[in-house]
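Below is one structure, written out as C-alpha cells; the observations come after it.
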Amino acid sequence: MMPIWTKSGEKHPVTLLKVQDCHVLKYISKENSDGKRAMLLVGGKNASPFYKSEAEMKIFREAGVPRKQKVATFKVTDDAIIKPGTPLYAAHFRPGQIVDVTAKTIGKGFQGVMKRWGFKGQPATHGQTKTHRRPGAISTNKVARVFPGKKMPGKMGNIYRTSFGLKVWRINTKHDIIYVHGSVPGHTNCLVKVRDTKLPVYKDCNKNPPFPTFFADGDENLPEDLYDEEMFQFTDPSVTYA
Amino acid sequence: ACRMSSDVGPAKFQPPPKPVVIDKQRRREERRFLSPEFIPPRGRTDPLKFYMERKDMIQRRKVFNIPEFYVGHILAVTTADPYADGKTNRFVGICIQRGGKGLGATFVLRNVIEDQGVEICYELYSPRIQEITVLKLEKRLDDNLMYLRDALPEYSTFDMNMKPVSHLEHEEIPVNKLQVRMKPKPWSKRWERPKYNIKGIKFELPERKMKEAQKWKQPWLEFDMLREYDTSKIEEKIWREVSEELKK
C-alpha cells in the first residue's frame, strides 16, 4: 500500500495489485450455467502442473495454457465473450473506473467472541470470577433453545470477502500493475479477483473501457503509465493554491 | 606587500604560500548519503513494489530538490496552504525525528513560538511542500530527539527569520555534543531507561534513580540474531541506482 496525492493536495491510500499471467480458460454458455448470463473461467498466476489430477488439468490443456493457481468465474453478457486462451492484461481497466475486489481474508484461527464478533466482555475487577472475555448469556428463558447462527467463538478469517466501490487511480502497462483506492482483503501477495462494480451508484462511471478486453497484439500503443485526471503526477511542479 | 622607504635593507625572498589543494573528487566519493526512506523494511513484500515506489520518489526528486539532512538539523519548510495569506506557510524548526519508508516518509520539526512548543510532521514527498532549506547543519548524539519536549524550552527555540549558516560541501557534518538540561520530572517518557539509549541528556537525577533505571536493561538484545537487519549491500545497490537516475 502506498500514498497517492490529488491535484488539490489531498492524500489517499492506495493498494497495488499485479496482474500476473492471466488467461481466459473456458467459456460456459447461458444454458449450461443455468442463469441469464454466460460465464467465463479466468485463471491467474502460473503454478506447477504436477500436483493436480488429470481431470482438473483438462481445462488448462484445452485452453493451451500452463496450470493456474487460482481460477475465478465471471458472469458476462453475450457481447463480451472472449475466446479461451487469450491473455488478459492490466490495461483491461482504465483509471477512473470503479472496481470490486474479492479475496480470502487473513486467517486468524480459532478466536474468542470478543475478537471475532466485537462483544464487550466483562469488567476486569469488581468481583468478576473467571469471567472477563466470555459471551455471557446466549439466549432467553422462554425460547428454551439457542437460535441457529448464534455468534459464538470459532475459526475466524480465511473466508472470501469483497470490498466494493474502489476507484482505480493508475495503471502501469509495463509491469501490469493496478493502483486501487483504499485497502483490499487478504495478506500481502495473496491472490485476488478484480471485477467491475455492481453498485448501482456507479452505473454510469465506466466510460469507454476497452471492450471486450485489451488485446496486446492490437494497434493501440498505450503509454507506460496511465493516470487518473485528478491524480498528482510527480512530473508536475508542486501544488499551489491560486 | 609593498615596502616603504623606512624598511630594513633588501628583504629576503619569501616564496608565496603553497596553495592548499582540496582534493574534492576523493572526498566526494567517500561521503555517500542515501536518504533512509529508500531502504526497504524487512518483510515479505514483493521487491517490485519498492521498485515502483523508488521510481516515483526519484521522479519527485528530479522536479523538487530534497536536501540531505539528518535529525538535529534546523530546516525551513514552505508549504502551500489555501487558508493562509499569500497561500504559503513557512515554518522553521529542528528536525527531531525521521520516520516512514517509501513515499510516506515524514519528518517532524519542532520550535517554540511565543512560549508554546509547536511540532509539525511534514511528508517529504507531499506535493504541497514548495521549498525545504537547510538553515544549519548539525548532527546530534541521538537519532531521535523526542526528549526535547521535556527539556527546557531554550533548547528548542529557534528564530523564525534565522539566516542560513554556510557549509562547505566537502566537509563532514559537525556533531554537536550538547548535553541538554531537562525540566523537573515527570517527563512524557522515562528517558533515563536504557531502552531509549539517549546520550544527549545531562541527567541530574540522584544515583539511586539511575541505578534503578538500569534494572530494565536488556543486554541480550544486542546478541539476538533474528533482529539483525544488515542493510549495507541493499543500501549500496539502491544508492547506485538512485545516483544514476538522478544524474540523467
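A note on labels: chains of the C-alpha cells are A, B, ... as shown, every chain counts residues from 1, and ligands are counted from 1 in their shown order.
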
At a cut-off of 8 Å, list the chain A residues touching chain B, using only C-alpha atoms, as a PyMOL selection string. chain A and resi 2-3+5+9+16+188-189+232+234-242

So which residues touch Ser33 of chain A within 12 Å, counting only C-alpha atoms, skipping near sequence neighbours fewer than 5 positions away, as number ranges by chain? A: 27-28, 38-41, 73-76

Residues just named, written with N, CA and C atoms as a PDB file, in the first residue's frame:
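Listed below is the output, result.pdb:
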```pdb
ATOM      1  N   TYR A  27     -15.246 -21.097 -21.738  1.00  0.00           N
ATOM      2  CA  TYR A  27     -16.500 -20.355 -21.908  1.00  0.00           C
ATOM      3  C   TYR A  27     -17.647 -21.296 -21.622  1.00  0.00           C
ATOM      4  N   ILE A  28     -18.522 -20.915 -20.685  1.00  0.00           N
ATOM      5  CA  ILE A  28     -19.707 -21.733 -20.359  1.00  0.00           C
ATOM      6  C   ILE A  28     -20.918 -20.942 -20.822  1.00  0.00           C
ATOM      7  N   ALA A  38     -23.911 -15.760 -19.554  1.00  0.00           N
ATOM      8  CA  ALA A  38     -22.847 -16.732 -19.790  1.00  0.00           C
ATOM      9  C   ALA A  38     -21.739 -16.511 -18.769  1.00  0.00           C
ATOM     10  N   MET A  39     -20.881 -17.553 -18.601  1.00  0.00           N
ATOM     11  CA  MET A  39     -19.779 -17.453 -17.643  1.00  0.00           C
ATOM     12  C   MET A  39     -18.464 -17.640 -18.369  1.00  0.00           C
ATOM     13  N   LEU A  40     -17.446 -16.949 -17.865  1.00  0.00           N
ATOM     14  CA  LEU A  40     -16.094 -17.137 -18.390  1.00  0.00           C
ATOM     15  C   LEU A  40     -15.203 -17.534 -17.226  1.00  0.00           C
ATOM     16  N   LEU A  41     -14.439 -18.627 -17.390  1.00  0.00           N
ATOM     17  CA  LEU A  41     -13.483 -19.015 -16.346  1.00  0.00           C
ATOM     18  C   LEU A  41     -12.155 -18.345 -16.664  1.00  0.00           C
ATOM     19  N   THR A  73     -14.667 -17.355 -11.711  1.00  0.00           N
ATOM     20  CA  THR A  73     -15.707 -17.264 -12.746  1.00  0.00           C
ATOM     21  C   THR A  73     -16.244 -15.855 -12.790  1.00  0.00           C
ATOM     22  N   PHE A  74     -16.483 -15.376 -13.998  1.00  0.00           N
ATOM     23  CA  PHE A  74     -17.079 -14.057 -14.173  1.00  0.00           C
ATOM     24  C   PHE A  74     -18.344 -14.218 -14.987  1.00  0.00           C
ATOM     25  N   LYS A  75     -19.457 -13.637 -14.504  1.00  0.00           N
ATOM     26  CA  LYS A  75     -20.711 -13.695 -15.274  1.00  0.00           C
ATOM     27  C   LYS A  75     -20.647 -12.565 -16.292  1.00  0.00           C
ATOM     28  N   VAL A  76     -20.804 -12.910 -17.556  1.00  0.00           N
ATOM     29  CA  VAL A  76     -20.556 -11.947 -18.637  1.00  0.00           C
ATOM     30  C   VAL A  76     -21.769 -11.882 -19.555  1.00  0.00           C
TER      31      VAL A  76
END
```

All residues 7 Å or closer to Asp142 of chain B, only C-alpha atoms, same chain fewer than 2 positions away omitted, as number ranges by chain: B: 140, 144-145, 198-200

Selected residues written out, N, CA, C and O atoms, as a CSV table (one decimal), in the first residue's frame:
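In the end it all went to again.csv:
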```csv
chain,number,residue,atom,x,y,z
B,140,ARG,N,23.3,15.5,15.9
B,140,ARG,CA,23.3,15.4,17.4
B,140,ARG,C,23.7,14.0,17.8
B,140,ARG,O,23.8,13.1,16.9
B,144,ASN,N,16.9,10.3,17.6
B,144,ASN,CA,15.5,10.7,17.9
B,144,ASN,C,15.6,11.7,19.0
B,144,ASN,O,16.0,11.4,20.2
B,145,LEU,N,15.1,12.9,18.7
B,145,LEU,CA,15.3,14.0,19.8
B,145,LEU,C,14.0,14.3,20.4
B,145,LEU,O,13.7,15.4,20.8
B,198,ILE,N,19.7,7.1,25.2
B,198,ILE,CA,19.9,8.5,24.9
B,198,ILE,C,21.3,9.0,25.5
B,198,ILE,O,21.6,8.7,26.6
B,199,LYS,N,22.0,9.7,24.6
B,199,LYS,CA,23.3,10.1,25.1
B,199,LYS,C,23.4,11.7,25.2
B,199,LYS,O,24.3,12.2,25.7
B,200,GLY,N,22.3,12.3,24.8
B,200,GLY,CA,22.4,13.8,24.8
B,200,GLY,C,21.7,14.5,25.9
B,200,GLY,O,21.4,15.7,25.8
```

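Considering only C-alpha atoms, the residue among A:Val201, A:Val101, A:Val113, A:Leu222 positioned nearest to Ser163 of chain A is A:Val101.
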
I'd like the interatomic distance between atom CA of Met182 of chain B and atom CA of Phe158 of chain B, to a tenth of an Å. 17.7 Å

Using DSSP on the backbone, list every residue of segment 11-212 of chain A that comes out as alpha helix (DSSP H), and give them as a count of residues only. 15

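Look at segment 216-226 of chain B: the protein and nucleic acid residues within 9 Å of it, using only C-alpha atoms and passing over chain neighbours fewer than 3 places away, are Arg193, Pro194, Lys195, Glu212, Ala213 and Tyr229 of chain B.
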
List every residue of chain A that DSSP, applied to the backbone of this structure, assigns to strand (DSSP E), and report them as a PyMOL selection string. chain A and resi 2-5+11-18+22-28+38-46+68-76+87-88+98-104+109-111+154-156+160-172+177-181+192-196+225-227

Neighbouring residues of segment 79-90 of chain A were defined as those with any atom within 10 Å, considering only C-alpha atoms; residues of the same chain fewer than 5 positions away were excluded. Please report them as a compact mmCIF listing (two decimals) with N, CA and C atoms, in the first residue's frame.
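Final output, selection_26.txt:
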```txt
# COMPACT_ATOMS: atom_id res chain seq x y z
N LEU A 17 -2.03 -3.84 -7.12
CA LEU A 17 -2.40 -5.21 -7.49
C LEU A 17 -1.67 -5.54 -8.78
N LYS A 18 -1.01 -6.70 -8.80
CA LYS A 18 -0.27 -7.07 -10.02
C LYS A 18 -1.06 -8.11 -10.80
N VAL A 19 -1.20 -7.91 -12.10
CA VAL A 19 -1.89 -8.87 -12.97
C VAL A 19 -0.80 -9.81 -13.51
N GLN A 20 -0.76 -11.03 -12.98
CA GLN A 20 0.34 -11.93 -13.31
C GLN A 20 -0.17 -13.09 -14.14
N ASP A 21 0.20 -13.17 -15.43
CA ASP A 21 -0.17 -14.27 -16.34
C ASP A 21 -1.63 -14.67 -16.23
N CYS A 22 -2.54 -13.78 -16.57
CA CYS A 22 -3.96 -14.13 -16.54
C CYS A 22 -4.40 -14.56 -17.93
N HIS A 23 -5.09 -15.70 -17.98
CA HIS A 23 -5.62 -16.17 -19.26
C HIS A 23 -7.08 -16.55 -19.10
N VAL A 24 -7.85 -16.43 -20.19
CA VAL A 24 -9.23 -16.93 -20.17
C VAL A 24 -9.15 -18.43 -20.40
N LEU A 25 -9.85 -19.21 -19.54
CA LEU A 25 -9.70 -20.66 -19.61
C LEU A 25 -10.86 -21.34 -20.35
N LYS A 26 -12.08 -20.91 -20.05
CA LYS A 26 -13.21 -21.66 -20.62
C LYS A 26 -14.41 -20.76 -20.75
N TYR A 27 -15.25 -21.10 -21.74
CA TYR A 27 -16.50 -20.36 -21.91
C TYR A 27 -17.65 -21.30 -21.62
N ILE A 28 -18.52 -20.92 -20.68
CA ILE A 28 -19.71 -21.73 -20.36
C ILE A 28 -20.92 -20.94 -20.82
N SER A 29 -21.70 -21.57 -21.70
CA SER A 29 -22.81 -20.82 -22.31
C SER A 29 -23.95 -20.62 -21.31
N ALA A 38 -23.91 -15.76 -19.55
CA ALA A 38 -22.85 -16.73 -19.79
C ALA A 38 -21.74 -16.51 -18.77
N MET A 39 -20.88 -17.55 -18.60
CA MET A 39 -19.78 -17.45 -17.64
C MET A 39 -18.46 -17.64 -18.37
N LEU A 40 -17.45 -16.95 -17.87
CA LEU A 40 -16.09 -17.14 -18.39
C LEU A 40 -15.20 -17.53 -17.23
N LEU A 41 -14.44 -18.63 -17.39
CA LEU A 41 -13.48 -19.02 -16.35
C LEU A 41 -12.16 -18.35 -16.66
N VAL A 42 -11.60 -17.66 -15.67
CA VAL A 42 -10.33 -16.97 -15.87
C VAL A 42 -9.34 -17.49 -14.84
N GLY A 43 -8.10 -17.74 -15.25
CA GLY A 43 -7.09 -18.22 -14.31
C GLY A 43 -5.97 -17.20 -14.17
N GLY A 44 -5.36 -17.17 -12.94
CA GLY A 44 -4.25 -16.23 -12.72
C GLY A 44 -3.00 -16.98 -12.39
N ILE A 59 -8.99 -28.74 -18.26
CA ILE A 59 -9.40 -27.39 -18.68
C ILE A 59 -8.19 -26.62 -19.21
N PHE A 60 -7.05 -26.74 -18.48
CA PHE A 60 -5.85 -26.00 -18.87
C PHE A 60 -5.30 -26.50 -20.18
N GLU A 62 -6.99 -27.91 -22.65
CA GLU A 62 -7.83 -27.50 -23.78
C GLU A 62 -7.60 -26.05 -24.15
N ALA A 63 -7.32 -25.23 -23.13
CA ALA A 63 -7.10 -23.81 -23.43
C ALA A 63 -5.68 -23.56 -23.91
N GLY A 64 -4.78 -24.53 -23.72
CA GLY A 64 -3.40 -24.37 -24.18
C GLY A 64 -2.60 -23.43 -23.29
N VAL A 65 -2.76 -23.61 -22.01
CA VAL A 65 -2.24 -22.61 -21.06
C VAL A 65 -1.63 -23.36 -19.87
N ILE A 171 -2.65 2.97 -13.81
CA ILE A 171 -2.37 1.64 -14.38
C ILE A 171 -0.99 1.69 -14.98
N ASN A 172 -0.16 0.70 -14.65
CA ASN A 172 1.18 0.60 -15.24
C ASN A 172 1.14 -0.53 -16.25
N THR A 173 1.27 -0.21 -17.55
CA THR A 173 1.13 -1.26 -18.56
C THR A 173 2.40 -2.08 -18.69
N LYS A 174 3.55 -1.52 -18.31
CA LYS A 174 4.80 -2.28 -18.49
C LYS A 174 4.87 -3.45 -17.52
N HIS A 175 4.54 -3.19 -16.23
CA HIS A 175 4.61 -4.25 -15.23
C HIS A 175 3.22 -4.80 -14.90
N ASP A 176 2.15 -4.33 -15.57
CA ASP A 176 0.79 -4.82 -15.32
C ASP A 176 0.37 -4.62 -13.88
N ILE A 177 0.42 -3.38 -13.39
CA ILE A 177 0.03 -3.11 -12.00
C ILE A 177 -1.16 -2.16 -12.01
N ILE A 178 -2.16 -2.48 -11.14
CA ILE A 178 -3.33 -1.62 -11.00
C ILE A 178 -3.26 -0.97 -9.61
N PHE A 211 -13.28 -2.80 -24.77
CA PHE A 211 -14.33 -3.82 -24.81
C PHE A 211 -14.08 -4.77 -25.96
N PRO A 212 -14.14 -6.12 -25.88
CA PRO A 212 -14.33 -6.85 -24.63
C PRO A 212 -13.11 -6.84 -23.70
N THR A 213 -11.90 -6.73 -24.25
CA THR A 213 -10.74 -6.61 -23.36
C THR A 213 -9.63 -5.92 -24.13
N PHE A 214 -8.48 -5.71 -23.49
CA PHE A 214 -7.35 -5.05 -24.14
C PHE A 214 -6.49 -6.11 -24.80
N PHE A 215 -6.35 -6.06 -26.11
CA PHE A 215 -5.55 -7.05 -26.82
C PHE A 215 -4.16 -6.49 -27.07
N ALA A 216 -3.13 -7.22 -26.63
CA ALA A 216 -1.78 -6.69 -26.71
C ALA A 216 -1.27 -6.61 -28.14
```

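Among B:Val71, B:Ala11, B:Ile238, B:Val112, the residue with the shortest atom-to-atom distance to Arg149 of chain B, counting only C-alpha atoms, is B:Val112.
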
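In this structure, atom CA of Ile120 of chain B sits 9.7 Å away from atom CA of Cys95 of chain B.
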
Give me the residues within 8 Å of Asn206 of chain A as a ChimeraX atom specification, counting only C-alpha atoms and dropping any in the same chain fewer than 6 places off. /A:96-98
